[in-house]
Amino acid sequence: VVSDSDLGEVLWGRRPPVTYQAQIYTYASRLRGHLRDGATIIRRGHGYRMERGDARFDLDEFDLLAKEGRSAAREGDAERAASSFRAALALWSGPTLTAVTERLVENERTRIELARMEVLESRIDADLVLGRHHELIGELSQMVSAHPLRETFRARLMIALYLSDWQAEAFETFRAGCALLREQLGVDPGPALRSAHQAILTADFEQVLPLREGLVVGRTG
């Protein structure tokens, strides 16, 4: 059983509103309407208990699929890794933790979003190893526009462009990233961009993709 006071601290911090118990009651009632497969929320004393039944949490499923993908990557099975990572990402239906308290967002959203980003990058790596660089250019261009200072997306876009015989665009992507980092943060490019740049110069990509064990990245597909 999770007490009202513990739930109040999770949702609002050490100073919950005076009506926090009534609000929690309302939240629990609303949540019951969304539960399936035998899951329910039961009032017990001054708290609540969740009976899961046969239901499963999407975050648990995500973690399991991500683990399967990483295992496949370590074994050098890019196809299975890409499939597992893609299935994990398919569980997302929108932004993380919408319509919840600011406190809960502050405590949980960053951690969950970082996990999603890591799986997305791993799925892109697997697709690059599988020779799907043409298909990735549009997606990566959008990711770079949405996260211009995240070097890993830019580095992968450089590789996808180069493998698609767009060498000039690959180098321009690197130059633009360097300029943006210096302008916005006052720093030089980090290891991700530098490694991608070096890989393009030497046409050697085995050191820049985590899925490198036993695999060779080349211009296929």
# chains A, B, ... in the order shown; residues from 1 in each chain; ligands from 1
$ residues_around --residues "Ala155 in chain A" --least-positions-apart "6" --cutoff "7 Å" --atoms "only C-alpha atoms" --output "PyMOL selection string"
chain A and resi 192-193+196
$ residues_around --residues "Gly53 in chain A" --least-positions-apart "4" --cutoff "10 Å" --atoms "only C-alpha atoms" --output "list of chain:residue names"
A:Arg36, A:Asp37, A:Gly38, A:Ala39, A:Thr40
$ residues_around --residues "Gly190 in chain A" --least-positions-apart "3" --cutoff "10 Å" --atoms "only C-alpha atoms" --output "JSON, numbers by chain"
{"A": [151, 152, 178, 181, 187, 193, 194, 195]}
$ write_last_selection --atoms "C-alpha atoms" --output "PDB file, in the first residue's frame"
ATOM      1  CA  GLU A 151      25.892  15.690 -31.672  1.00  0.00           C
ATOM      2  CA  THR A 152      24.993  12.025 -31.985  1.00  0.00           C
ATOM      3  CA  CYS A 178      30.825  22.953 -35.365  1.00  0.00           C
ATOM      4  CA  LEU A 181      28.338  24.548 -31.030  1.00  0.00           C
ATOM      5  CA  VAL A 187      32.768  24.715 -27.312  1.00  0.00           C
ATOM      6  CA  LEU A 193      31.178  14.574 -34.348  1.00  0.00           C
ATOM      7  CA  ARG A 194      34.961  14.269 -34.481  1.00  0.00           C
ATOM      8  CA  SER A 195      34.783  10.486 -34.791  1.00  0.00           C
TER       9      SER A 195
END
$ select_by_dssp --residues "range 65-211 of chain A" --states "helix (DSSP H, G or I)" --output "PyMOL selection string"
chain A and resi 65-74+78-89+102-129+133-146+151-163+167-184+191-202
$ residues_around --residues "Leu64 in chain A" --least-positions-apart "2" --cutoff "12 Å" --atoms "only C-alpha atoms" --output "list in words"
Arg56, Phe57, Asp58, Leu59, Asp60, Glu61, Phe62, Ala66, Lys67, Glu68, Gly69, Arg70, Ser71, Ser84, Phe85, Ala87, Ala88, Leu89, Leu91 and Val119 of chain A
$ atom_distance --atom1 "CA of Trp92 in chain A" --atom2 "CA of His34 in chain A"
16.7 Å
$ atom_distance --atom1 "CA of Pro189 in chain A" --atom2 "CA of Leu201 in chain A"
16.2 Å
$ residues_around --residues "range 137-139 of chain A" --least-positions-apart "4" --cutoff "9 Å" --atoms "only C-alpha atoms" --output "list of chain:residue names"
A:His133, A:Met143, A:Val144, A:Leu157, A:Ala160, A:Leu161, A:Ser164
$ residues_around --residues "Glu79 in chain A" --least-positions-apart "4" --cutoff "9 Å" --atoms "only C-alpha atoms" --output "compact mmCIF listing (two decimals) with C-alpha atoms, in the first residue's frame"
# COMPACT_ATOMS: atom_id res chain seq x y z
CA ALA A 72 21.32 -8.71 -30.21
CA ALA A 73 23.71 -5.83 -30.92
CA SER A 83 13.59 -5.03 -34.90
CA SER A 84 13.68 -5.00 -31.09
CA ALA A 126 21.50 -0.91 -36.56
CA ASP A 127 19.82 0.46 -39.67
CA LEU A 130 22.10 -2.89 -42.46
$ atom_distance --atom1 "CA of Gly47 in chain A" --atom2 "CA of Asp4 in chain A"
4.9 Å
$ closest_residue --among "A:Gly33, A:Val129, A:Val105, A:Pro16" --to "Gly76 in chain A" --atoms "only C-alpha atoms"
A:Val129
$ residues_around --residues "Asn107 in chain A" --least-positions-apart "2" --cutoff "12 Å" --atoms "only C-alpha atoms" --output "PyMOL selection string"
chain A and resi 9-13+97+100-105+109-113
$ write_last_selection --atoms "C-alpha atoms" --output "compact mmCIF listing (two decimals), in the first residue's frame"
# COMPACT_ATOMS: atom_id res chain seq x y z
CA GLU A 9 5.19 13.97 -2.14
CA VAL A 10 5.71 12.19 -5.46
CA LEU A 11 3.12 14.38 -7.17
CA TRP A 12 3.75 17.76 -5.53
CA GLY A 13 6.85 17.61 -3.34
CA LEU A 97 4.03 12.03 -19.10
CA VAL A 100 0.51 15.02 -14.88
CA THR A 101 1.88 17.29 -12.15
CA GLU A 102 4.96 19.42 -12.80
CA ARG A 103 6.75 17.67 -9.95
CA LEU A 104 6.27 14.26 -11.54
CA VAL A 105 7.46 15.61 -14.88
CA ARG A 109 10.45 12.80 -17.80
CA THR A 110 14.16 13.46 -18.37
CA ARG A 111 15.14 9.92 -17.37
CA ILE A 112 12.52 8.32 -19.59
CA GLU A 113 13.19 10.61 -22.55
$ select_by_dssp --residues "range 41-143 of chain A" --states "strand (DSSP E)" --output "list in words"
Ile41, Ile42, Arg43, Arg44, Gly47, Tyr48, Arg49, Met50 and Glu51 of chain A
$ decode --residues "range 71-84 of chain A" --atoms "all heavy atoms" --output "short mmCIF file (atom, residue, chain, number, x, y, z; two decimals), in the first residue's frame"
data_model
loop_
_atom_site.label_atom_id
_atom_site.label_comp_id
_atom_site.auth_asym_id
_atom_site.auth_seq_id
_atom_site.Cartn_x
_atom_site.Cartn_y
_atom_site.Cartn_z
N SER A 71 21.20 -6.83 -26.45
CA SER A 71 21.78 -8.17 -26.47
C SER A 71 22.06 -8.61 -27.89
O SER A 71 23.14 -9.16 -28.20
CB SER A 71 20.83 -9.16 -25.78
OG SER A 71 21.31 -10.47 -25.86
N ALA A 72 21.12 -8.36 -28.80
CA ALA A 72 21.32 -8.71 -30.21
C ALA A 72 22.48 -7.92 -30.80
O ALA A 72 23.26 -8.46 -31.60
CB ALA A 72 20.04 -8.45 -30.99
N ALA A 73 22.61 -6.66 -30.40
CA ALA A 73 23.71 -5.83 -30.92
C ALA A 73 25.05 -6.40 -30.48
O ALA A 73 26.00 -6.47 -31.27
CB ALA A 73 23.55 -4.39 -30.43
N ARG A 74 25.14 -6.82 -29.22
CA ARG A 74 26.39 -7.38 -28.73
C ARG A 74 26.75 -8.67 -29.47
O ARG A 74 27.92 -8.99 -29.66
CB ARG A 74 26.30 -7.66 -27.23
CG ARG A 74 26.35 -6.41 -26.36
CD ARG A 74 26.55 -6.76 -24.90
NE ARG A 74 25.45 -7.54 -24.37
CZ ARG A 74 24.37 -7.02 -23.79
NH1 ARG A 74 24.26 -5.69 -23.70
NH2 ARG A 74 23.43 -7.78 -23.30
N GLU A 75 25.73 -9.40 -29.90
CA GLU A 75 25.95 -10.64 -30.64
C GLU A 75 26.20 -10.39 -32.12
O GLU A 75 26.45 -11.34 -32.88
CB GLU A 75 24.74 -11.57 -30.46
CG GLU A 75 24.54 -12.03 -29.02
CD GLU A 75 23.20 -12.72 -28.82
OE1 GLU A 75 22.49 -12.93 -29.83
OE2 GLU A 75 22.87 -13.05 -27.67
N GLY A 76 26.11 -9.15 -32.55
CA GLY A 76 26.34 -8.82 -33.95
C GLY A 76 25.16 -9.06 -34.86
O GLY A 76 25.30 -9.10 -36.09
N ASP A 77 23.96 -9.22 -34.28
CA ASP A 77 22.75 -9.46 -35.07
C ASP A 77 22.02 -8.13 -35.27
O ASP A 77 21.11 -7.78 -34.52
CB ASP A 77 21.86 -10.47 -34.35
CG ASP A 77 20.69 -10.95 -35.21
OD1 ASP A 77 20.37 -10.26 -36.20
OD2 ASP A 77 20.10 -11.99 -34.88
N ALA A 78 22.40 -7.41 -36.30
CA ALA A 78 21.85 -6.07 -36.53
C ALA A 78 20.36 -6.13 -36.87
O ALA A 78 19.60 -5.25 -36.47
CB ALA A 78 22.63 -5.37 -37.64
N GLU A 79 19.94 -7.16 -37.61
CA GLU A 79 18.54 -7.26 -38.00
C GLU A 79 17.64 -7.43 -36.77
O GLU A 79 16.62 -6.74 -36.63
CB GLU A 79 18.35 -8.44 -38.95
CG GLU A 79 16.98 -8.49 -39.60
CD GLU A 79 16.78 -7.38 -40.62
OE1 GLU A 79 17.53 -7.32 -41.61
OE2 GLU A 79 15.86 -6.56 -40.39
N ARG A 80 18.01 -8.31 -35.89
CA ARG A 80 17.21 -8.53 -34.68
C ARG A 80 17.29 -7.33 -33.75
O ARG A 80 16.30 -6.97 -33.10
CB ARG A 80 17.70 -9.80 -33.95
CG ARG A 80 16.85 -10.18 -32.74
CD ARG A 80 17.08 -11.63 -32.37
NE ARG A 80 18.45 -11.90 -31.98
CZ ARG A 80 18.90 -11.79 -30.72
NH1 ARG A 80 18.08 -11.42 -29.75
NH2 ARG A 80 20.16 -12.06 -30.44
N ALA A 81 18.45 -6.70 -33.69
CA ALA A 81 18.59 -5.50 -32.85
C ALA A 81 17.68 -4.40 -33.35
O ALA A 81 16.95 -3.77 -32.57
CB ALA A 81 20.05 -5.04 -32.85
N ALA A 82 17.69 -4.15 -34.65
CA ALA A 82 16.85 -3.09 -35.22
C ALA A 82 15.38 -3.39 -34.97
O ALA A 82 14.60 -2.48 -34.64
CB ALA A 82 17.11 -2.96 -36.72
N SER A 83 14.98 -4.64 -35.12
CA SER A 83 13.59 -5.03 -34.90
C SER A 83 13.16 -4.80 -33.45
O SER A 83 12.07 -4.28 -33.19
CB SER A 83 13.40 -6.50 -35.29
OG SER A 83 12.07 -6.91 -35.05
N SER A 84 14.01 -5.18 -32.51
CA SER A 84 13.68 -5.00 -31.09
C SER A 84 13.62 -3.53 -30.73
O SER A 84 12.70 -3.09 -30.01
CB SER A 84 14.72 -5.71 -30.22
OG SER A 84 14.68 -7.11 -30.41
#
